[in-house]
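Source file: run-v6.csv (CSV, N, CA and C atoms)
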```csv
chain,number,residue,atom,x,y,z
A,1,MET,N,198.1,89.9,291.9
A,1,MET,CA,196.7,89.5,291.6
A,1,MET,C,195.8,89.9,292.7
A,2,ILE,N,194.8,90.6,292.4
A,2,ILE,CA,193.7,91.0,293.3
A,2,ILE,C,192.7,89.9,293.3
A,3,VAL,N,192.3,89.4,294.5
A,3,VAL,CA,191.3,88.3,294.6
A,3,VAL,C,190.3,88.8,295.6
A,4,THR,N,189.0,89.0,295.2
A,4,THR,CA,188.0,89.6,296.1
A,4,THR,C,186.7,88.9,295.9
A,5,THR,N,185.9,88.9,297.0
A,5,THR,CA,184.5,88.3,296.9
A,5,THR,C,183.5,89.3,296.4
A,6,THR,N,183.9,90.5,296.2
A,6,THR,CA,183.0,91.5,295.7
A,6,THR,C,182.9,91.5,294.2
A,7,PRO,N,181.9,92.0,293.6
A,7,PRO,CA,181.7,91.9,292.1
A,7,PRO,C,182.6,92.9,291.3
A,8,SER,N,183.3,93.8,292.1
A,8,SER,CA,184.2,94.8,291.4
A,8,SER,C,185.3,95.1,292.4
A,9,VAL,N,186.3,95.9,291.9
A,9,VAL,CA,187.4,96.3,292.8
A,9,VAL,C,187.3,97.8,292.9
A,10,GLU,N,187.1,98.3,294.1
A,10,GLU,CA,186.8,99.7,294.3
A,10,GLU,C,187.9,100.6,293.8
A,11,GLY,N,187.5,101.6,293.0
A,11,GLY,CA,188.5,102.5,292.4
A,11,GLY,C,189.2,102.0,291.2
A,12,ARG,N,188.8,100.8,290.7
A,12,ARG,CA,189.4,100.2,289.5
A,12,ARG,C,188.3,99.9,288.5
A,13,LYS,N,188.6,100.0,287.3
A,13,LYS,CA,187.6,99.7,286.2
A,13,LYS,C,187.9,98.3,285.6
A,14,ILE,N,186.9,97.5,285.5
A,14,ILE,CA,187.1,96.2,284.8
A,14,ILE,C,187.0,96.5,283.3
A,15,ILE,N,188.1,96.2,282.5
A,15,ILE,CA,188.1,96.5,281.1
A,15,ILE,C,188.0,95.2,280.2
A,16,GLU,N,188.1,94.1,280.9
A,16,GLU,CA,187.9,92.8,280.1
A,16,GLU,C,187.5,91.7,281.0
A,17,TYR,N,186.6,90.9,280.6
A,17,TYR,CA,186.2,89.7,281.3
A,17,TYR,C,186.8,88.5,280.6
A,18,LYS,N,187.6,87.7,281.3
A,18,LYS,CA,188.3,86.6,280.7
A,18,LYS,C,187.5,85.3,280.9
A,19,GLY,N,186.7,85.2,281.9
A,19,GLY,CA,185.8,84.0,282.1
A,19,GLY,C,185.9,83.5,283.5
A,20,ILE,N,185.1,82.4,283.7
A,20,ILE,CA,185.1,81.8,285.1
A,20,ILE,C,186.3,80.9,285.3
A,21,VAL,N,186.9,81.0,286.5
A,21,VAL,CA,188.0,80.2,286.8
A,21,VAL,C,187.7,79.4,288.1
A,22,PHE,N,188.3,78.2,288.2
A,22,PHE,CA,188.1,77.3,289.3
A,22,PHE,C,189.4,76.9,289.9
A,23,GLY,N,189.4,76.5,291.1
A,23,GLY,CA,190.5,75.8,291.8
A,23,GLY,C,189.9,74.8,292.6
A,24,GLU,N,190.3,73.5,292.5
A,24,GLU,CA,189.8,72.4,293.2
A,24,GLU,C,190.9,71.6,293.9
A,25,VAL,N,190.5,71.2,295.2
A,25,VAL,CA,191.5,70.4,295.9
A,25,VAL,C,190.6,69.3,296.6
A,26,ILE,N,191.1,68.1,296.5
A,26,ILE,CA,190.5,67.0,297.3
A,26,ILE,C,191.6,66.5,298.2
A,27,SER,N,191.3,66.5,299.5
A,27,SER,CA,192.3,66.2,300.5
A,27,SER,C,191.8,65.1,301.4
A,28,GLY,N,192.6,64.1,301.6
A,28,GLY,CA,192.3,63.1,302.6
A,28,GLY,C,192.9,63.3,303.9
A,29,VAL,N,192.2,62.9,305.0
A,29,VAL,CA,192.7,63.0,306.3
A,29,VAL,C,193.3,61.7,306.7
A,30,ASP,N,194.5,61.7,307.2
A,30,ASP,CA,195.1,60.4,307.5
A,30,ASP,C,194.6,59.8,308.8
A,31,PHE,N,194.9,58.6,309.0
A,31,PHE,CA,194.4,57.8,310.1
A,31,PHE,C,194.7,58.4,311.5
A,32,VAL,N,195.9,58.9,311.7
A,32,VAL,CA,196.3,59.5,313.0
A,32,VAL,C,195.5,60.8,313.3
A,33,LYS,N,195.3,61.6,312.3
A,33,LYS,CA,194.5,62.8,312.4
A,33,LYS,C,193.0,62.5,312.7
A,34,ASP,N,192.6,61.4,312.1
A,34,ASP,CA,191.2,61.0,312.3
A,34,ASP,C,191.0,60.5,313.7
A,35,ILE,N,191.9,59.8,314.2
A,35,ILE,CA,191.8,59.3,315.6
A,35,ILE,C,191.8,60.5,316.6
A,36,ALA,N,192.7,61.4,316.4
A,36,ALA,CA,192.9,62.6,317.2
A,36,ALA,C,191.6,63.4,317.2
A,37,ALA,N,191.0,63.6,316.0
A,37,ALA,CA,189.7,64.3,315.9
A,37,ALA,C,188.6,63.6,316.6
A,38,GLY,N,188.6,62.3,316.5
A,38,GLY,CA,187.6,61.5,317.2
A,38,GLY,C,187.6,61.7,318.7
A,39,PHE,N,188.8,61.8,319.3
A,39,PHE,CA,188.9,62.2,320.7
A,39,PHE,C,188.4,63.6,321.0
A,40,ARG,N,188.7,64.5,320.1
A,40,ARG,CA,188.2,65.9,320.3
A,40,ARG,C,186.7,65.9,320.2
A,41,ASN,N,186.1,65.1,319.3
A,41,ASN,CA,184.7,65.0,319.2
A,41,ASN,C,184.0,64.4,320.4
A,42,PHE,N,184.7,63.5,321.0
A,42,PHE,CA,184.2,62.8,322.2
A,42,PHE,C,184.3,63.7,323.5
A,43,PHE,N,185.5,64.3,323.7
A,43,PHE,CA,185.7,65.1,324.9
A,43,PHE,C,185.4,66.6,324.7
A,44,GLY,N,185.2,67.0,323.5
A,44,GLY,CA,185.0,68.4,323.2
A,44,GLY,C,186.2,69.2,322.9
A,45,GLY,N,186.1,70.3,322.3
A,45,GLY,CA,187.2,71.2,321.9
A,45,GLY,C,187.4,71.2,320.4
A,46,ARG,N,188.4,72.0,320.0
A,46,ARG,CA,188.7,72.2,318.6
A,46,ARG,C,189.7,71.1,318.1
A,47,SER,N,189.5,70.8,316.8
A,47,SER,CA,190.5,69.8,316.2
A,47,SER,C,191.5,70.6,315.4
A,48,ALA,N,192.6,70.8,316.0
A,48,ALA,CA,193.7,71.5,315.2
A,48,ALA,C,194.1,70.8,314.0
A,49,SER,N,194.1,69.5,314.0
A,49,SER,CA,194.5,68.7,312.8
A,49,SER,C,193.6,68.9,311.7
A,50,TYR,N,192.3,68.9,311.9
A,50,TYR,CA,191.3,69.1,310.9
A,50,TYR,C,191.3,70.6,310.4
A,51,GLU,N,191.4,71.5,311.4
A,51,GLU,CA,191.5,72.9,311.0
A,51,GLU,C,192.7,73.2,310.1
A,52,GLY,N,193.8,72.6,310.4
A,52,GLY,CA,195.0,72.8,309.6
A,52,GLY,C,194.8,72.3,308.2
A,53,GLU,N,194.2,71.1,308.1
A,53,GLU,CA,193.9,70.5,306.8
A,53,GLU,C,192.9,71.4,306.0
A,54,LEU,N,191.9,71.9,306.7
A,54,LEU,CA,191.0,72.8,306.0
A,54,LEU,C,191.7,74.1,305.5
A,55,ILE,N,192.5,74.7,306.3
A,55,ILE,CA,193.2,75.9,305.9
A,55,ILE,C,194.1,75.7,304.7
A,56,GLU,N,194.8,74.6,304.8
A,56,GLU,CA,195.8,74.2,303.7
A,56,GLU,C,195.0,73.9,302.4
A,57,ALA,N,193.9,73.2,302.5
A,57,ALA,CA,193.1,72.9,301.3
A,57,ALA,C,192.5,74.2,300.7
A,58,ARG,N,192.0,75.1,301.5
A,58,ARG,CA,191.5,76.4,301.0
A,58,ARG,C,192.5,77.2,300.3
A,59,GLN,N,193.7,77.3,301.0
A,59,GLN,CA,194.8,78.1,300.4
A,59,GLN,C,195.2,77.5,299.0
A,60,SER,N,195.3,76.2,298.9
A,60,SER,CA,195.7,75.5,297.7
A,60,SER,C,194.7,75.7,296.6
A,61,ALA,N,193.4,75.7,296.9
A,61,ALA,CA,192.3,75.9,295.9
A,61,ALA,C,192.4,77.3,295.4
A,62,ILE,N,192.6,78.3,296.3
A,62,ILE,CA,192.7,79.7,295.8
A,62,ILE,C,193.9,79.9,295.0
A,63,ALA,N,195.0,79.3,295.4
A,63,ALA,CA,196.3,79.4,294.6
A,63,ALA,C,196.1,78.8,293.2
A,64,GLU,N,195.4,77.7,293.1
A,64,GLU,CA,195.2,77.0,291.8
A,64,GLU,C,194.3,77.9,290.9
A,65,MET,N,193.3,78.5,291.5
A,65,MET,CA,192.4,79.4,290.8
A,65,MET,C,193.2,80.6,290.3
A,66,VAL,N,194.0,81.2,291.1
A,66,VAL,CA,194.9,82.4,290.7
A,66,VAL,C,195.8,82.0,289.5
A,67,SER,N,196.4,80.8,289.6
A,67,SER,CA,197.3,80.3,288.6
A,67,SER,C,196.5,80.2,287.2
A,68,ARG,N,195.3,79.7,287.3
A,68,ARG,CA,194.5,79.5,286.1
A,68,ARG,C,194.1,80.9,285.5
A,69,ALA,N,193.8,81.9,286.4
A,69,ALA,CA,193.4,83.2,285.9
A,69,ALA,C,194.6,83.9,285.3
A,70,GLN,N,195.8,83.7,285.9
A,70,GLN,CA,197.0,84.3,285.3
A,70,GLN,C,197.3,83.7,283.9
A,71,GLY,N,197.0,82.4,283.7
A,71,GLY,CA,197.2,81.8,282.5
A,71,GLY,C,196.2,82.3,281.4
A,72,MET,N,195.1,82.9,281.8
A,72,MET,CA,194.1,83.5,280.9
A,72,MET,C,194.5,85.0,280.6
A,73,GLY,N,195.5,85.5,281.3
A,73,GLY,CA,195.9,86.9,281.1
A,73,GLY,C,195.1,87.9,282.0
A,74,ALA,N,194.5,87.4,283.1
A,74,ALA,CA,193.8,88.2,284.0
A,74,ALA,C,194.8,88.8,285.1
A,75,ASN,N,194.4,89.9,285.6
A,75,ASN,CA,195.2,90.5,286.8
A,75,ASN,C,194.3,90.6,288.0
A,76,ALA,N,193.1,90.1,288.0
A,76,ALA,CA,192.2,90.1,289.2
A,76,ALA,C,191.2,89.0,289.0
A,77,ILE,N,190.6,88.6,290.2
A,77,ILE,CA,189.5,87.7,290.2
A,77,ILE,C,188.4,88.3,291.1
A,78,VAL,N,187.2,88.5,290.5
A,78,VAL,CA,186.1,89.1,291.3
A,78,VAL,C,185.0,88.0,291.6
A,79,GLY,N,184.2,88.3,292.6
A,79,GLY,CA,183.1,87.4,292.9
A,79,GLY,C,183.5,86.0,293.3
A,80,VAL,N,184.6,86.0,294.1
A,80,VAL,CA,185.1,84.7,294.5
A,80,VAL,C,184.2,84.0,295.6
A,81,ASP,N,184.0,82.7,295.4
A,81,ASP,CA,183.2,81.9,296.3
A,81,ASP,C,184.0,80.6,296.6
A,82,VAL,N,184.0,80.3,297.9
A,82,VAL,CA,184.7,79.0,298.3
A,82,VAL,C,183.7,78.1,298.9
A,83,ASP,N,183.7,76.9,298.4
A,83,ASP,CA,182.7,75.8,298.8
A,83,ASP,C,183.5,74.7,299.4
A,84,TYR,N,182.9,74.0,300.4
A,84,TYR,CA,183.4,72.8,301.0
A,84,TYR,C,182.5,71.7,301.0
A,85,GLU,N,183.0,70.5,300.8
A,85,GLU,CA,182.1,69.3,300.8
A,85,GLU,C,182.9,68.1,301.3
A,86,VAL,N,182.3,67.2,302.1
A,86,VAL,CA,182.9,66.0,302.6
A,86,VAL,C,182.6,64.9,301.6
A,87,LEU,N,183.6,64.1,301.2
A,87,LEU,CA,183.4,63.0,300.3
A,87,LEU,C,183.9,61.7,300.9
A,88,GLY,N,183.7,60.7,300.2
A,88,GLY,CA,184.2,59.4,300.6
A,88,GLY,C,183.2,58.6,301.4
A,89,GLN,N,183.3,57.3,301.3
A,89,GLN,CA,182.4,56.4,302.0
A,89,GLN,C,182.4,56.7,303.6
A,90,ALA,N,183.6,56.9,304.1
A,90,ALA,CA,183.7,57.2,305.5
A,90,ALA,C,183.7,58.6,305.9
A,91,GLY,N,183.5,59.5,304.9
A,91,GLY,CA,183.5,60.9,305.1
A,91,GLY,C,184.8,61.5,305.5
A,92,ASN,N,185.9,60.9,305.0
A,92,ASN,CA,187.3,61.3,305.4
A,92,ASN,C,188.0,62.0,304.3
A,93,MET,N,187.3,62.5,303.3
A,93,MET,CA,187.9,63.3,302.2
A,93,MET,C,187.2,64.6,302.2
A,94,LEU,N,188.0,65.7,302.0
A,94,LEU,CA,187.5,67.0,302.0
A,94,LEU,C,187.7,67.6,300.6
A,95,MET,N,186.7,68.1,300.0
A,95,MET,CA,186.8,68.8,298.7
A,95,MET,C,186.6,70.3,298.9
A,96,VAL,N,187.5,71.1,298.5
A,96,VAL,CA,187.4,72.6,298.5
A,96,VAL,C,187.4,73.1,297.1
A,97,THR,N,186.5,73.9,296.7
A,97,THR,CA,186.4,74.5,295.4
A,97,THR,C,186.3,76.0,295.6
A,98,ALA,N,187.2,76.7,294.9
A,98,ALA,CA,187.2,78.2,294.8
A,98,ALA,C,186.9,78.5,293.4
A,99,SER,N,185.9,79.5,293.2
A,99,SER,CA,185.6,79.9,291.9
A,99,SER,C,185.4,81.4,291.9
A,100,GLY,N,185.5,82.0,290.7
A,100,GLY,CA,185.3,83.4,290.5
A,100,GLY,C,185.4,83.8,289.1
A,101,THR,N,185.4,85.1,288.7
A,101,THR,CA,185.5,85.6,287.4
A,101,THR,C,186.8,86.2,287.2
A,102,ALA,N,187.6,85.7,286.2
A,102,ALA,CA,188.9,86.3,285.9
A,102,ALA,C,188.7,87.6,285.1
A,103,VAL,N,189.3,88.7,285.5
A,103,VAL,CA,189.1,89.9,284.7
A,103,VAL,C,190.5,90.6,284.6
A,104,VAL,N,190.4,91.6,283.7
A,104,VAL,CA,191.5,92.6,283.6
A,104,VAL,C,191.0,93.9,284.1
A,105,ILE,N,191.8,94.5,285.1
A,105,ILE,CA,191.3,95.8,285.6
A,105,ILE,C,192.4,96.8,285.3
A,106,GLN,N,192.0,98.1,285.3
A,106,GLN,CA,193.0,99.2,285.1
A,106,GLN,C,193.4,99.7,286.5
```
Final structure tokens representation of the file:
Amino acid sequence: MIVTTTPSVEGRKIIEYKGIVFGEVISGVDFVKDIAAGFRNFFGGRSASYEGELIEARQSAIAEMVSRAQGMGANAIVGVDVDYEVLGQAGNMLMVTASGTAVVIQ
């Protein structure tokens, strides 16, 4: 499965548009990671625990989008966009959404 942010795949022709596909993940950050990130925020530096959570959520959202596109009979997704949002009363939930257009290419 080819997944790209561009509207087409260079050297390949889109022969069928299957529709818009999405992959969504809502991930909570646990108490220990939240405390560790709080120390990083106070003293400075990168938060490896938050970065890892973000990477995992993004990969899961893209994988879910790919799975849905395959279910539609697509062999590529073009125009992919990944969005992030913080949710929850305490801001400790992360929502990652991947979207694009499922297509069949030659």
Please return as a CSV table (one decimal) with N, CA and C atoms, in the frame of the given file: the residues of chain A that backbone DSSP assigns to strand (DSSP E or B).
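So out31.csv came out as:
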```
chain,number,residue,atom,x,y,z
A,2,ILE,N,194.8,90.6,292.4
A,2,ILE,CA,193.7,91.0,293.3
A,2,ILE,C,192.7,89.9,293.3
A,3,VAL,N,192.3,89.4,294.5
A,3,VAL,CA,191.3,88.3,294.6
A,3,VAL,C,190.3,88.8,295.6
A,14,ILE,N,186.9,97.5,285.5
A,14,ILE,CA,187.1,96.2,284.8
A,14,ILE,C,187.0,96.5,283.3
A,15,ILE,N,188.1,96.2,282.5
A,15,ILE,CA,188.1,96.5,281.1
A,15,ILE,C,188.0,95.2,280.2
A,16,GLU,N,188.1,94.1,280.9
A,16,GLU,CA,187.9,92.8,280.1
A,16,GLU,C,187.5,91.7,281.0
A,17,TYR,N,186.6,90.9,280.6
A,17,TYR,CA,186.2,89.7,281.3
A,17,TYR,C,186.8,88.5,280.6
A,18,LYS,N,187.6,87.7,281.3
A,18,LYS,CA,188.3,86.6,280.7
A,18,LYS,C,187.5,85.3,280.9
A,19,GLY,N,186.7,85.2,281.9
A,19,GLY,CA,185.8,84.0,282.1
A,19,GLY,C,185.9,83.5,283.5
A,20,ILE,N,185.1,82.4,283.7
A,20,ILE,CA,185.1,81.8,285.1
A,20,ILE,C,186.3,80.9,285.3
A,21,VAL,N,186.9,81.0,286.5
A,21,VAL,CA,188.0,80.2,286.8
A,21,VAL,C,187.7,79.4,288.1
A,22,PHE,N,188.3,78.2,288.2
A,22,PHE,CA,188.1,77.3,289.3
A,22,PHE,C,189.4,76.9,289.9
A,23,GLY,N,189.4,76.5,291.1
A,23,GLY,CA,190.5,75.8,291.8
A,23,GLY,C,189.9,74.8,292.6
A,24,GLU,N,190.3,73.5,292.5
A,24,GLU,CA,189.8,72.4,293.2
A,24,GLU,C,190.9,71.6,293.9
A,25,VAL,N,190.5,71.2,295.2
A,25,VAL,CA,191.5,70.4,295.9
A,25,VAL,C,190.6,69.3,296.6
A,26,ILE,N,191.1,68.1,296.5
A,26,ILE,CA,190.5,67.0,297.3
A,26,ILE,C,191.6,66.5,298.2
A,27,SER,N,191.3,66.5,299.5
A,27,SER,CA,192.3,66.2,300.5
A,27,SER,C,191.8,65.1,301.4
A,28,GLY,N,192.6,64.1,301.6
A,28,GLY,CA,192.3,63.1,302.6
A,28,GLY,C,192.9,63.3,303.9
A,76,ALA,N,193.1,90.1,288.0
A,76,ALA,CA,192.2,90.1,289.2
A,76,ALA,C,191.2,89.0,289.0
A,77,ILE,N,190.6,88.6,290.2
A,77,ILE,CA,189.5,87.7,290.2
A,77,ILE,C,188.4,88.3,291.1
A,78,VAL,N,187.2,88.5,290.5
A,78,VAL,CA,186.1,89.1,291.3
A,78,VAL,C,185.0,88.0,291.6
A,79,GLY,N,184.2,88.3,292.6
A,79,GLY,CA,183.1,87.4,292.9
A,79,GLY,C,183.5,86.0,293.3
A,80,VAL,N,184.6,86.0,294.1
A,80,VAL,CA,185.1,84.7,294.5
A,80,VAL,C,184.2,84.0,295.6
A,81,ASP,N,184.0,82.7,295.4
A,81,ASP,CA,183.2,81.9,296.3
A,81,ASP,C,184.0,80.6,296.6
A,82,VAL,N,184.0,80.3,297.9
A,82,VAL,CA,184.7,79.0,298.3
A,82,VAL,C,183.7,78.1,298.9
A,83,ASP,N,183.7,76.9,298.4
A,83,ASP,CA,182.7,75.8,298.8
A,83,ASP,C,183.5,74.7,299.4
A,84,TYR,N,182.9,74.0,300.4
A,84,TYR,CA,183.4,72.8,301.0
A,84,TYR,C,182.5,71.7,301.0
A,85,GLU,N,183.0,70.5,300.8
A,85,GLU,CA,182.1,69.3,300.8
A,85,GLU,C,182.9,68.1,301.3
A,86,VAL,N,182.3,67.2,302.1
A,86,VAL,CA,182.9,66.0,302.6
A,86,VAL,C,182.6,64.9,301.6
A,87,LEU,N,183.6,64.1,301.2
A,87,LEU,CA,183.4,63.0,300.3
A,87,LEU,C,183.9,61.7,300.9
A,93,MET,N,187.3,62.5,303.3
A,93,MET,CA,187.9,63.3,302.2
A,93,MET,C,187.2,64.6,302.2
A,94,LEU,N,188.0,65.7,302.0
A,94,LEU,CA,187.5,67.0,302.0
A,94,LEU,C,187.7,67.6,300.6
A,95,MET,N,186.7,68.1,300.0
A,95,MET,CA,186.8,68.8,298.7
A,95,MET,C,186.6,70.3,298.9
A,96,VAL,N,187.5,71.1,298.5
A,96,VAL,CA,187.4,72.6,298.5
A,96,VAL,C,187.4,73.1,297.1
A,97,THR,N,186.5,73.9,296.7
A,97,THR,CA,186.4,74.5,295.4
A,97,THR,C,186.3,76.0,295.6
A,98,ALA,N,187.2,76.7,294.9
A,98,ALA,CA,187.2,78.2,294.8
A,98,ALA,C,186.9,78.5,293.4
A,99,SER,N,185.9,79.5,293.2
A,99,SER,CA,185.6,79.9,291.9
A,99,SER,C,185.4,81.4,291.9
A,100,GLY,N,185.5,82.0,290.7
A,100,GLY,CA,185.3,83.4,290.5
A,100,GLY,C,185.4,83.8,289.1
A,101,THR,N,185.4,85.1,288.7
A,101,THR,CA,185.5,85.6,287.4
A,101,THR,C,186.8,86.2,287.2
A,102,ALA,N,187.6,85.7,286.2
A,102,ALA,CA,188.9,86.3,285.9
A,102,ALA,C,188.7,87.6,285.1
A,103,VAL,N,189.3,88.7,285.5
A,103,VAL,CA,189.1,89.9,284.7
A,103,VAL,C,190.5,90.6,284.6
A,104,VAL,N,190.4,91.6,283.7
A,104,VAL,CA,191.5,92.6,283.6
A,104,VAL,C,191.0,93.9,284.1
A,105,ILE,N,191.8,94.5,285.1
A,105,ILE,CA,191.3,95.8,285.6
A,105,ILE,C,192.4,96.8,285.3
```
Determine, counting only N, CA and C atoms, which protein, DNA and RNA residues have an atom within 8 Å of an atom of segment 1-8 of chain A; residues of the same chain fewer than 6 positions away are not included. Present the result as JSON, numbers by chain.
{"A": [14, 66, 74, 75, 76, 77, 78, 79, 80, 81, 100]}
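The list of residues with at least one atom within 6 Å of segment 56-62 of chain A, based on only C-alpha atoms and without residues fewer than 3 positions apart in the same chain, reads Gly23, Glu24, Val25, Glu53, Met65 and Ala98 of chain A.
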Using all atoms listed in the file, which residue out of A:Ile105, A:Ala90, A:Val82, A:Ala69 lies closest to Gly19 of chain A?
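Under the stated criterion, the closest residue is A:Ala69.
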Can you find the residues with an atom no farther than 8 Å from (192.2, 100.6, 284.0), counting only N, CA and C atoms, and report them as a count of residues only?
8
Nearest-residue call for Val96 of chain A, choices A:Lys18, A:Ile55, A:Ser27, A:Val9, using only N, CA and C atoms:
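Smallest distance to Val96 of chain A is found for A:Ser27.
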Spatial neighbours of Glu85 of chain A, 10 Å, only C-alpha atoms, chain gap at least 5 places, as a list in words
Ile26, Gly91, Met93, Leu94, Met95, Val96 and Thr97 of chain A
Which one is closest to Tyr17 of chain A: A:Asp83, A:Thr101, A:Ser67, A:Leu54? Count only N, CA and C atoms.
A:Thr101
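Distance-wise, atom C of Gly28 of chain A and atom C of Gly71 of chain A end up 29.6 Å apart.
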Separation of atom C of Val103 of chain A from atom CA of Ile20 of chain A, in Å and rounded to one decimal
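Distance reported for this atom pair: 10.3 Å.
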For atom CA of Gly88 of chain A and atom CA of Gly52 of chain A, the interatomic separation in Å (one decimal)
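So the answer is 19.4 Å.
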Could you add N, CA, C and O atoms to segment 75-87 of chain A and give me the result as a compact mmCIF listing (two decimals), in the frame of the given file?
```txt
# COMPACT_ATOMS: atom_id res chain seq x y z
N ASN A 75 194.40 89.90 285.60
CA ASN A 75 195.20 90.50 286.80
C ASN A 75 194.30 90.60 288.00
O ASN A 75 194.76 91.21 289.00
N ALA A 76 193.10 90.10 288.00
CA ALA A 76 192.20 90.10 289.20
C ALA A 76 191.20 89.00 289.00
O ALA A 76 190.87 88.56 287.90
N ILE A 77 190.60 88.60 290.20
CA ILE A 77 189.50 87.70 290.20
C ILE A 77 188.40 88.30 291.10
O ILE A 77 188.71 88.64 292.23
N VAL A 78 187.20 88.50 290.50
CA VAL A 78 186.10 89.10 291.30
C VAL A 78 185.00 88.00 291.60
O VAL A 78 184.96 87.01 290.87
N GLY A 79 184.20 88.30 292.60
CA GLY A 79 183.10 87.40 292.90
C GLY A 79 183.50 86.00 293.30
O GLY A 79 182.83 85.04 293.07
N VAL A 80 184.60 86.00 294.10
CA VAL A 80 185.10 84.70 294.50
C VAL A 80 184.20 84.00 295.60
O VAL A 80 183.67 84.67 296.48
N ASP A 81 184.00 82.70 295.40
CA ASP A 81 183.20 81.90 296.30
C ASP A 81 184.00 80.60 296.60
O ASP A 81 184.62 80.06 295.73
N VAL A 82 184.00 80.30 297.90
CA VAL A 82 184.70 79.00 298.30
C VAL A 82 183.70 78.10 298.90
O VAL A 82 182.93 78.47 299.77
N ASP A 83 183.70 76.90 298.40
CA ASP A 83 182.70 75.80 298.80
C ASP A 83 183.50 74.70 299.40
O ASP A 83 184.58 74.32 298.94
N TYR A 84 182.90 74.00 300.40
CA TYR A 84 183.40 72.80 301.00
C TYR A 84 182.50 71.70 301.00
O TYR A 84 181.26 71.86 301.08
N GLU A 85 183.00 70.50 300.80
CA GLU A 85 182.10 69.30 300.80
C GLU A 85 182.90 68.10 301.30
O GLU A 85 184.13 67.97 301.06
N VAL A 86 182.30 67.20 302.10
CA VAL A 86 182.90 66.00 302.60
C VAL A 86 182.60 64.90 301.60
O VAL A 86 181.41 64.72 301.19
N LEU A 87 183.60 64.10 301.20
CA LEU A 87 183.40 63.00 300.30
C LEU A 87 183.90 61.70 300.90
O LEU A 87 184.56 61.72 301.94
```
